[in-house]
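Below is one structure, written out as structure tokens; the observations come after it.
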Amino acid sequence: MTRSVLPAAALSALAAAVVPLTAQAPVAPAAAAVPSVTVVIKAGRLVDPRAGTTLTNQAILVEGERIKEVGPASAVAGHAPAGARVIDLSGATVLPGLIDCHTHVTSDPGDYYQQLFRQSPIDQAVVAHVFAKRTLEAGFTTIRNVGADEFVDVALRNAINSGVVAGPRMQVSTMPLSATGGHGDVNGFSPYLRFEQASGIANGVDEIRSKIRWEIKYGADLIKVLASAGVLSEEESVGAPQYSQEELNAVVQEAAMWGKKVAAHAHGAEAIKRAVRAGVASVEHGSLLDDEGIRLMKERGTYLVADIYNDDYILAEYTRLGYPQKIIDKERQVGRLQRENFKKAVQAGVKIAFGTDAGVYPHGWNAKQFAHMVRWGLTPMQAIQAATVNAADLLGWADRVGAVEPGKFADVIAVAGDPLQDVTVLEHVGFVMKGGAVVKDSLTAGGTHAR
Ligand code: ARG
């Protein structure tokens, strides 16, 4: 792409032409208007994932978009100004907003050939806000989006941040880095078929470095690299390495130079180990993780982000959606093993963060994975920690999300029932507040009342 540089005179003429237009722009950044009010949330039970405890009769004082104080209801009430709005969740369990570290929020499951050949990134850009809202209303107030076409994820993140679109806080990776013929390429078709859209395909250290610079230039918050083959793509193996150790080292070094972390998609044992040795922040999927990989992950403090709900949905729906038999067979190869290896990793003490691959299954169903995580080795509290404090740590956002604590964003959810007894109650989040603004409330009978 060539870019012509406009002379200063032309630039100022352009500015003069543009300013009156923006002044009349009809789009008001609604949610950006930060609520300046003080709110008291009464929490019958409050889950503290950092301490691993649940306290009763607590209250949260929210000022604007942040949490100001958390403590016993009686003490907090004494510090609230008269006229503060009260949200009465004394019959519910209150938790920090949930975090999904592996989403594809710009796309939904659909017909294989329809999505490959009859749609473009423009289609995704038009509908992505619907999926973002579903995700938020399911209680996920933060997501790390690890792959979207073109820069649709950057545009969505920016629209959410400006308040025009409702959705979770987002970190975005833009296009995953892929080897030619790898998981991020379009495989299995005639060489005469060409896709003109931008991609993350990069081979060799030099191309990798320039691709990362380009992605960061246009808005990537992190880098996603496809270290191994995948399931939902037509290359032969599901776990074979697709980047060399040298290439993966370059990915991590280049990203680090720009202050970015790396998430590595890796199903196969060798690819996982290469990614961990290179120093990625997280291994995604991790299906065929072996004992040496577990040892290395522990040694390096690498997070495992394993999408262990996905298999159910793929096996139930993807034949109907027209996916080639080869892909279904690959899923059968890894589905069960991924869960068994997840359990091994949990038992060995590998750090776990919650990530689901939402977009492979419908958005808003993110919490279905909690039950699987509990079935495969975590306690309910550990599963909640994976989706709150651990996830926040992985994102480098431990200072702002993942806990109900003074100074953090007021990202707060509530459920009827006790998720520590039955983690599936998280599939029915009845109350969602993001940054001090209530985005969903079916728990407090008519919402809120003045104090
Ligand atoms: N996006 C992943 C891939 O195509 C999905 C893997 C889903 N299967 C699973 N068992 N987690 O490789």
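A note on labels: chains of the structure tokens are A, B, ... as shown, every chain counts residues from 1, and ligands are counted from 1 in their shown order.
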
Close residues, region 227-244 of chain A itself excluded, 9 Å, only C-alpha atoms, min 6 positions apart in chain, as a PyMOL selection string: chain A and resi 177-188+203-204+264-272+274-275+287-288+323-324+326-331+333-334

Please identify which residues in region 292-436 of chain A DSSP calls helix (DSSP H, G or I) from the backbone, and express them as JSON, numbers by chain. {"A": [292, 293, 294, 295, 296, 297, 298, 299, 300, 310, 311, 312, 313, 314, 315, 316, 317, 325, 326, 327, 328, 329, 330, 331, 332, 333, 334, 335, 336, 337, 338, 339, 340, 341, 342, 343, 344, 345, 346, 347, 348, 368, 369, 370, 371, 372, 373, 374, 375, 380, 381, 382, 383, 384, 385, 386, 389, 390, 391, 392, 393, 394, 395, 423, 424, 425, 426, 427]}

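Nearest to Glu284 (chain A) of all the residues A:Lys408, A:His102, A:Lys133, A:Arg320 is A:His102, based on only C-alpha atoms.
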
Near region 52-60 of chain A, counting only C-alpha atoms, which residues have an atom at most 10 Å away, once you skip same-chain residues fewer than 6 positions from it, shown as number ranges by chain? A: 39-46, 67-77, 80, 86-91, 93-95, 381-382, 384-385, 404-406, 410, 412, 418, 420

Output of the above residues as a short mmCIF file (atom, residue, chain, number, x, y, z; two decimals), in the first residue's frame, restricted to N, CA, C and O atoms:
data_model
loop_
_atom_site.label_atom_id
_atom_site.label_comp_id
_atom_site.auth_asym_id
_atom_site.auth_seq_id
_atom_site.Cartn_x
_atom_site.Cartn_y
_atom_site.Cartn_z
N VAL A 39 -23.18 4.62 44.36
CA VAL A 39 -24.09 3.48 44.43
C VAL A 39 -23.61 2.56 45.55
O VAL A 39 -22.41 2.35 45.71
N VAL A 40 -24.56 2.04 46.30
CA VAL A 40 -24.24 1.01 47.30
C VAL A 40 -24.86 -0.30 46.84
O VAL A 40 -26.06 -0.37 46.61
N ILE A 41 -24.02 -1.31 46.65
CA ILE A 41 -24.53 -2.64 46.29
C ILE A 41 -24.51 -3.50 47.54
O ILE A 41 -23.43 -3.73 48.12
N LYS A 42 -25.68 -3.95 47.96
CA LYS A 42 -25.74 -4.87 49.10
C LYS A 42 -25.56 -6.28 48.59
O LYS A 42 -26.30 -6.71 47.70
N ALA A 43 -24.60 -6.99 49.15
CA ALA A 43 -24.30 -8.34 48.68
C ALA A 43 -24.56 -9.34 49.81
O ALA A 43 -23.86 -9.33 50.82
N GLY A 44 -25.58 -10.18 49.60
CA GLY A 44 -25.89 -11.22 50.60
C GLY A 44 -24.68 -12.11 50.79
O GLY A 44 -24.25 -12.39 51.91
N ARG A 45 -24.12 -12.56 49.67
CA ARG A 45 -22.84 -13.28 49.68
C ARG A 45 -21.93 -12.60 48.67
O ARG A 45 -22.37 -12.22 47.57
N LEU A 46 -20.69 -12.43 49.04
CA LEU A 46 -19.72 -11.80 48.14
C LEU A 46 -18.52 -12.73 47.99
O LEU A 46 -17.84 -13.05 48.97
N ILE A 67 -14.75 1.13 42.17
CA ILE A 67 -15.13 0.69 43.51
C ILE A 67 -14.36 1.52 44.52
O ILE A 67 -13.14 1.70 44.40
N LYS A 68 -15.09 2.06 45.50
CA LYS A 68 -14.42 2.89 46.49
C LYS A 68 -14.14 2.14 47.78
O LYS A 68 -13.12 2.33 48.42
N GLU A 69 -15.11 1.30 48.15
CA GLU A 69 -14.96 0.60 49.43
C GLU A 69 -15.73 -0.71 49.39
O GLU A 69 -16.77 -0.80 48.74
N VAL A 70 -15.20 -1.71 50.10
CA VAL A 70 -15.90 -3.00 50.22
C VAL A 70 -15.79 -3.42 51.67
O VAL A 70 -14.71 -3.32 52.27
N GLY A 71 -16.89 -3.86 52.27
CA GLY A 71 -16.82 -4.28 53.66
C GLY A 71 -18.17 -4.72 54.18
O GLY A 71 -19.12 -4.85 53.42
N PRO A 72 -18.26 -4.96 55.50
CA PRO A 72 -19.54 -5.34 56.10
C PRO A 72 -20.59 -4.28 55.78
O PRO A 72 -20.29 -3.07 55.81
N ALA A 73 -21.81 -4.72 55.47
CA ALA A 73 -22.85 -3.81 54.99
C ALA A 73 -23.05 -2.63 55.94
O ALA A 73 -23.18 -1.48 55.49
N SER A 74 -23.04 -2.91 57.23
CA SER A 74 -23.31 -1.82 58.19
C SER A 74 -22.23 -0.74 58.13
O SER A 74 -22.53 0.46 58.15
N ALA A 75 -20.98 -1.15 58.01
CA ALA A 75 -19.89 -0.17 57.97
C ALA A 75 -19.93 0.66 56.70
O ALA A 75 -19.80 1.89 56.74
N VAL A 76 -20.15 -0.02 55.56
CA VAL A 76 -20.14 0.70 54.28
C VAL A 76 -21.31 1.68 54.22
O VAL A 76 -21.16 2.82 53.75
N ALA A 77 -22.48 1.25 54.76
CA ALA A 77 -23.65 2.13 54.72
C ALA A 77 -23.35 3.45 55.42
O ALA A 77 -23.79 4.52 54.99
N ALA A 80 -21.69 5.94 53.05
CA ALA A 80 -22.35 6.35 51.81
C ALA A 80 -23.04 7.69 52.02
O ALA A 80 -23.66 7.91 53.06
N VAL A 86 -29.23 2.58 46.09
CA VAL A 86 -28.94 1.26 46.68
C VAL A 86 -29.40 0.17 45.73
O VAL A 86 -30.52 0.21 45.21
N ILE A 87 -28.53 -0.76 45.47
CA ILE A 87 -28.89 -1.94 44.67
C ILE A 87 -28.89 -3.11 45.63
O ILE A 87 -27.84 -3.47 46.18
N ASP A 88 -30.05 -3.68 45.83
CA ASP A 88 -30.19 -4.68 46.88
C ASP A 88 -30.03 -6.10 46.34
O ASP A 88 -30.96 -6.68 45.80
N LEU A 89 -28.85 -6.62 46.50
CA LEU A 89 -28.57 -8.00 46.08
C LEU A 89 -28.34 -8.86 47.32
O LEU A 89 -27.53 -9.78 47.31
N SER A 90 -29.08 -8.52 48.39
CA SER A 90 -28.84 -9.25 49.64
C SER A 90 -29.34 -10.69 49.58
O SER A 90 -28.97 -11.50 50.41
N GLY A 91 -30.15 -11.00 48.55
CA GLY A 91 -30.58 -12.40 48.40
C GLY A 91 -29.75 -13.15 47.37
O GLY A 91 -30.08 -14.28 47.00
N THR A 93 -25.72 -13.96 45.22
CA THR A 93 -24.27 -14.07 45.35
C THR A 93 -23.63 -13.10 44.36
O THR A 93 -23.94 -13.13 43.16
N VAL A 94 -22.77 -12.26 44.87
CA VAL A 94 -22.12 -11.22 44.05
C VAL A 94 -20.67 -11.64 43.80
O VAL A 94 -20.00 -12.17 44.68
N LEU A 95 -20.23 -11.41 42.56
CA LEU A 95 -18.85 -11.77 42.17
C LEU A 95 -18.27 -10.66 41.30
O LEU A 95 -19.02 -9.85 40.73
N MET A 381 -14.36 -22.84 43.36
CA MET A 381 -13.63 -21.60 43.65
C MET A 381 -12.45 -21.44 42.69
O MET A 381 -12.20 -20.35 42.18
N GLN A 382 -11.74 -22.53 42.41
CA GLN A 382 -10.61 -22.43 41.46
C GLN A 382 -11.09 -22.08 40.06
O GLN A 382 -10.41 -21.34 39.33
N ILE A 384 -13.69 -20.26 39.38
CA ILE A 384 -14.02 -18.83 39.44
C ILE A 384 -12.72 -18.00 39.44
O ILE A 384 -12.63 -16.97 38.78
N GLN A 385 -11.72 -18.48 40.15
CA GLN A 385 -10.42 -17.77 40.16
C GLN A 385 -9.83 -17.73 38.74
O GLN A 385 -9.26 -16.72 38.33
N VAL A 404 -13.37 -7.65 43.30
CA VAL A 404 -14.18 -6.55 43.85
C VAL A 404 -13.35 -5.92 44.96
O VAL A 404 -13.34 -6.40 46.10
N GLU A 405 -12.59 -4.92 44.60
CA GLU A 405 -11.65 -4.29 45.54
C GLU A 405 -11.59 -2.78 45.26
O GLU A 405 -11.77 -2.37 44.11
N PRO A 406 -11.32 -2.00 46.30
CA PRO A 406 -11.22 -0.55 46.09
C PRO A 406 -10.21 -0.22 44.98
O PRO A 406 -9.15 -0.84 44.91
N ALA A 410 -15.74 -0.90 38.65
CA ALA A 410 -16.93 -1.51 39.26
C ALA A 410 -17.57 -2.44 38.23
O ALA A 410 -18.61 -2.15 37.64
N VAL A 412 -19.19 -5.82 38.23
CA VAL A 412 -19.77 -6.66 39.29
C VAL A 412 -20.94 -7.44 38.71
O VAL A 412 -21.75 -6.88 37.97
N ASP A 418 -25.83 -20.30 44.84
CA ASP A 418 -24.44 -20.28 45.29
C ASP A 418 -23.54 -21.04 44.32
O ASP A 418 -23.57 -22.27 44.28
N LEU A 420 -20.59 -21.78 44.47
CA LEU A 420 -19.61 -22.66 45.10
C LEU A 420 -20.23 -24.03 45.41
O LEU A 420 -19.51 -25.02 45.56
#

Do a neighbour search on region 155-166 of chain A at 12 Å with only C-alpha atoms, toss out local chain neighbours closer than 2 positions, and write the hits as a VMD selection string. chain A and resid 26 to 34 104 to 106 121 to 122 124 to 137 141 to 145 148 to 153 168 to 174 218 to 221 433 to 435 437 to 440

Hey, can you spit out that residue selection with C-alpha atoms as an mmCIF file, in the first residue's frame?
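Once everything was written out, this is part_30.cif:
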data_model
loop_
_atom_site.group_PDB
_atom_site.id
_atom_site.type_symbol
_atom_site.label_atom_id
_atom_site.label_comp_id
_atom_site.auth_asym_id
_atom_site.auth_seq_id
_atom_site.Cartn_x
_atom_site.Cartn_y
_atom_site.Cartn_z
ATOM 1 C CA PRO A 26 -25.412 12.241 15.492
ATOM 2 C CA VAL A 27 -23.732 9.457 17.439
ATOM 3 C CA ALA A 28 -23.626 10.329 21.109
ATOM 4 C CA PRO A 29 -21.253 8.192 23.156
ATOM 5 C CA ALA A 30 -24.001 7.128 25.563
ATOM 6 C CA ALA A 31 -22.243 4.754 27.910
ATOM 7 C CA ALA A 32 -19.120 6.912 27.861
ATOM 8 C CA ALA A 33 -20.985 9.338 30.066
ATOM 9 C CA VAL A 34 -19.504 7.938 33.251
ATOM 10 C CA HIS A 104 -13.615 -14.729 18.757
ATOM 11 C CA VAL A 105 -16.379 -12.235 19.384
ATOM 12 C CA THR A 106 -16.623 -11.028 15.792
ATOM 13 C CA PRO A 121 -14.842 -9.242 7.158
ATOM 14 C CA ILE A 122 -17.509 -6.615 6.413
ATOM 15 C CA GLN A 124 -18.417 -9.640 10.706
ATOM 16 C CA ALA A 125 -18.047 -5.936 11.301
ATOM 17 C CA VAL A 126 -21.804 -5.434 10.909
ATOM 18 C CA VAL A 127 -22.878 -8.070 13.431
ATOM 19 C CA ALA A 128 -20.025 -8.198 15.951
ATOM 20 C CA HIS A 129 -21.711 -5.718 18.309
ATOM 21 C CA VAL A 130 -24.589 -8.170 18.807
ATOM 22 C CA PHE A 131 -22.170 -10.835 20.045
ATOM 23 C CA ALA A 132 -20.347 -8.342 22.249
ATOM 24 C CA LYS A 133 -23.626 -7.455 23.982
ATOM 25 C CA ARG A 134 -24.537 -11.113 24.501
ATOM 26 C CA THR A 135 -21.143 -11.720 26.051
ATOM 27 C CA LEU A 136 -21.503 -8.778 28.418
ATOM 28 C CA GLU A 137 -25.033 -9.780 29.427
ATOM 29 C CA THR A 141 -17.235 -7.846 31.493
ATOM 30 C CA THR A 142 -13.759 -8.403 30.026
ATOM 31 C CA ILE A 143 -12.543 -10.553 27.145
ATOM 32 C CA ARG A 144 -9.243 -11.215 25.445
ATOM 33 C CA ASN A 145 -10.123 -11.665 21.779
ATOM 34 C CA ALA A 148 -10.528 -11.704 14.035
ATOM 35 C CA ASP A 149 -10.447 -10.867 10.338
ATOM 36 C CA GLU A 150 -8.866 -7.614 9.190
ATOM 37 C CA PHE A 151 -9.061 -5.158 12.126
ATOM 38 C CA VAL A 152 -12.691 -5.766 13.033
ATOM 39 C CA ASP A 153 -11.699 -6.504 16.650
ATOM 40 C CA PRO A 168 -17.049 -6.083 27.473
ATOM 41 C CA ARG A 169 -13.653 -4.469 27.927
ATOM 42 C CA MET A 170 -11.494 -5.983 25.227
ATOM 43 C CA GLN A 171 -7.902 -6.841 24.556
ATOM 44 C CA VAL A 172 -7.484 -7.775 20.907
ATOM 45 C CA SER A 173 -4.833 -9.662 18.987
ATOM 46 C CA THR A 174 -5.959 -8.827 15.424
ATOM 47 C CA TYR A 218 -3.031 -0.689 13.825
ATOM 48 C CA GLY A 219 -4.165 -1.533 17.328
ATOM 49 C CA ALA A 220 -3.195 -5.026 18.545
ATOM 50 C CA ASP A 221 -3.016 -5.284 22.360
ATOM 51 C CA MET A 433 -22.636 -3.855 36.180
ATOM 52 C CA LYS A 434 -19.742 -2.684 34.035
ATOM 53 C CA GLY A 435 -17.764 0.370 35.083
ATOM 54 C CA ALA A 437 -23.283 1.258 34.931
ATOM 55 C CA VAL A 438 -25.966 -1.409 35.304
ATOM 56 C CA VAL A 439 -26.288 -3.228 32.004
ATOM 57 C CA LYS A 440 -28.607 -6.022 33.151
#

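Ranking A:Ser199, A:Ser120, A:Thr424, A:Asn341 by their shortest atom-to-atom distance to ligand 1, with only C-alpha atoms and all ligand atoms included, puts A:Asn341 first.
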
Which parts of region 47-277 of chain A does DSSP call strand (DSSP E) when run on the backbone here, written out as an MDAnalysis selection string? chainID A and resid 47:48 53:63 66:72 85:96 98:103 140:145 169:172 223:226 262:266

Report as number ranges by chain all protein, DNA and RNA residues lying within 7 Å of Phe140 (chain A), evaluated on only C-alpha atoms, omitting residues in the same chain fewer than 6 positions from it. A: 97-100, 168

Dump of all heavy atoms for the selected residues, as a short mmCIF file (atom, residue, chain, number, x, y, z; two decimals), in the first residue's frame:
data_model
loop_
_atom_site.label_atom_id
_atom_site.label_comp_id
_atom_site.auth_asym_id
_atom_site.auth_seq_id
_atom_site.Cartn_x
_atom_site.Cartn_y
_atom_site.Cartn_z
N GLY A 97 -16.93 -9.21 37.83
CA GLY A 97 -17.24 -9.52 36.44
C GLY A 97 -16.29 -10.59 35.93
O GLY A 97 -15.12 -10.61 36.28
N LEU A 98 -16.83 -11.50 35.11
CA LEU A 98 -16.02 -12.63 34.63
C LEU A 98 -15.17 -12.21 33.43
O LEU A 98 -15.48 -11.23 32.73
CB LEU A 98 -16.95 -13.79 34.26
CG LEU A 98 -17.85 -14.28 35.40
CD1 LEU A 98 -18.90 -15.26 34.88
CD2 LEU A 98 -17.01 -14.92 36.51
N ILE A 99 -14.11 -12.98 33.21
CA ILE A 99 -13.16 -12.69 32.13
C ILE A 99 -12.97 -13.95 31.29
O ILE A 99 -12.65 -15.01 31.83
CB ILE A 99 -11.79 -12.25 32.70
CG1 ILE A 99 -11.97 -11.03 33.63
CG2 ILE A 99 -10.80 -11.95 31.57
CD1 ILE A 99 -10.71 -10.66 34.42
N ASP A 100 -13.17 -13.83 30.00
CA ASP A 100 -12.90 -14.94 29.08
C ASP A 100 -11.65 -14.58 28.27
O ASP A 100 -11.64 -13.59 27.52
CB ASP A 100 -14.11 -15.16 28.15
CG ASP A 100 -13.99 -16.46 27.35
OD1 ASP A 100 -12.85 -16.88 27.06
OD2 ASP A 100 -15.04 -17.03 26.99
N PRO A 168 -18.07 -5.96 26.42
CA PRO A 168 -17.05 -6.08 27.47
C PRO A 168 -15.81 -5.24 27.16
O PRO A 168 -15.59 -4.85 26.02
CB PRO A 168 -16.70 -7.57 27.44
CG PRO A 168 -17.08 -8.05 26.09
CD PRO A 168 -18.19 -7.16 25.58
#

So which residues touch Arg295 (chain A) within 12 Å, counting only C-alpha atoms, skipping near sequence neighbours fewer than 6 positions away, as a PyMOL selection string? chain A and resi 272-273+276-277+289+301-302+344-351

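Comparing the minimum interatomic distances between ligand 1 and each of A:Gln325, A:Asn249, A:Thr379, A:Gln338, counting only C-alpha atoms and all ligand atoms, we find that A:Gln338 sits nearest.
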